[in-house]
Amino acid sequence: MNGDLLTTRAREVYLESTERLDEAVRAALAAARRRALASSTIREPEPVAWWPVGAAAAAVMLAAMLWIAPQPAPEAYQASLDEAGLQELMALGQELGLGDEEPALYAWLDHP
Amino acid sequence: MLRTRALEIFLAGIEARAFRIASSALANEADALDAVQEAMIRLARRYGKRPESEWAPLFHRILTNSIRDSLRRRRVRSRWVLPWAAGRVDDDALLMPDTADPAGDALAGMEAEEAWQVLAAGLRSLPDRQREAFVLRALEGLDVAQSAEAMGCSEGSVKTHYFRAVQALRGRLEER
């Protein structure tokens, strides 16, 4: 028997032998497999279980950001009034004819 | 779930072959089942997270070590306990080849179960490293690199052990 024939036949005999295991051995192997899987350290990802937690955390963060959002500073408000609002007010005053009134009518305001 | 399922499929696919490998070395069903279970549990606990392509060589390495440990314990026990234990079976006798049935082309002319018993006896007659190299290379179909990883030795050692195993096994079977 040459080496190639030996290894080929040996492999055939080996693989065939695995199909003839008796039921007791098969059951013992299946039990061993279950024990091995039960002791496995594999942790599967569970996206469905975690998404409500993530959504709740995002909602809390959004509420906190809105609650503590900084109000416009007075300086900034004044600056915006100085630059754009003042011109708008002057334009409105001209439209109402405020500049045409007699200044002497308001002299009593300076000297009550 | 997918990874656990993949591991279950892997173990289910290899467990019968692993049992045959262990039983061919240990010649004892209970010891073989223990060795296979130990290998399964160690793989699942320690290497379940590793890529699936690494499971086969890792499993064979664990199984090989498990069989070696079992044989080592048996040899120590037979050396120190059994000689004084009357009526006990000498476990080393289980490792001796059965050469009572001479035949030219032994494996080819036998029924399947008988052929397996002859092959298993022939494997048990080999030194441990030669048996491991033959099992991994010829029976399991691992390449030299995978076999070296499973045996924990160099690729050159695998080639040497395998060559000697084929020569010895051929001689053993031709005696039958």
# chains A, B, ... in the order shown; residues from 1 in each chain; ligands from 1
call {"tool": "closest_atom_pairs", "arguments": {"of": "chain B", "to": "chain A", "cutoff": "6 Å", "atoms": "only C-alpha atoms", "output": "tab-separated table"}}
result
residue	atom	partner	partner_atom	distance
B:Met1	CA	A:Glu44	CA	5.6
B:Ala16	CA	A:Thr18	CA	5.4
B:Arg17	CA	A:Thr18	CA	5.8
B:Gln37	CA	A:Ala32	CA	5.2
B:Met40	CA	A:Ala36	CA	5.6
B:Ile41	CA	A:Ala36	CA	4.2
B:Ala44	CA	A:Ser40	CA	4.6
B:Arg45	CA	A:Ser40	CA	4.6
B:Gly48	CA	A:Ile42	CA	6.0
B:Trp116	CA	A:Val13	CA	5.8
B:Ala138	CA	A:Thr7	CA	5.6
B:Leu139	CA	A:Arg11	CA	4.7
call {"tool": "atom_distance", "arguments": {"atom1": "atom CA of B:Ala39", "atom2": "atom CA of B:Leu58"}}
result
9.4 Å
call {"tool": "residues_around", "arguments": {"residues": "B:Glu54", "least_positions_apart": "6", "cutoff": "12 Å", "atoms": "only C-alpha atoms", "output": "VMD selection string"}}
result
chain B and resid 7 10 43 47 to 48 60 to 61 146 149 to 150
call {"tool": "closest_residue", "arguments": {"among": "B:Gln117, B:Gln167, B:Ser125, B:Ser147", "to": "B:Arg20", "atoms": "only C-alpha atoms"}}
result
B:Gln117
call {"tool": "residues_around", "arguments": {"residues": "B:Gly156", "least_positions_apart": "5", "cutoff": "10 Å", "atoms": "only C-alpha atoms", "output": "MDAnalysis selection string"}}
result
chainID B and resid 144:145 148 161:162
call {"tool": "atom_distance", "arguments": {"atom1": "atom CA of B:Arg3", "atom2": "atom CA of B:Glu15"}}
result
18.0 Å
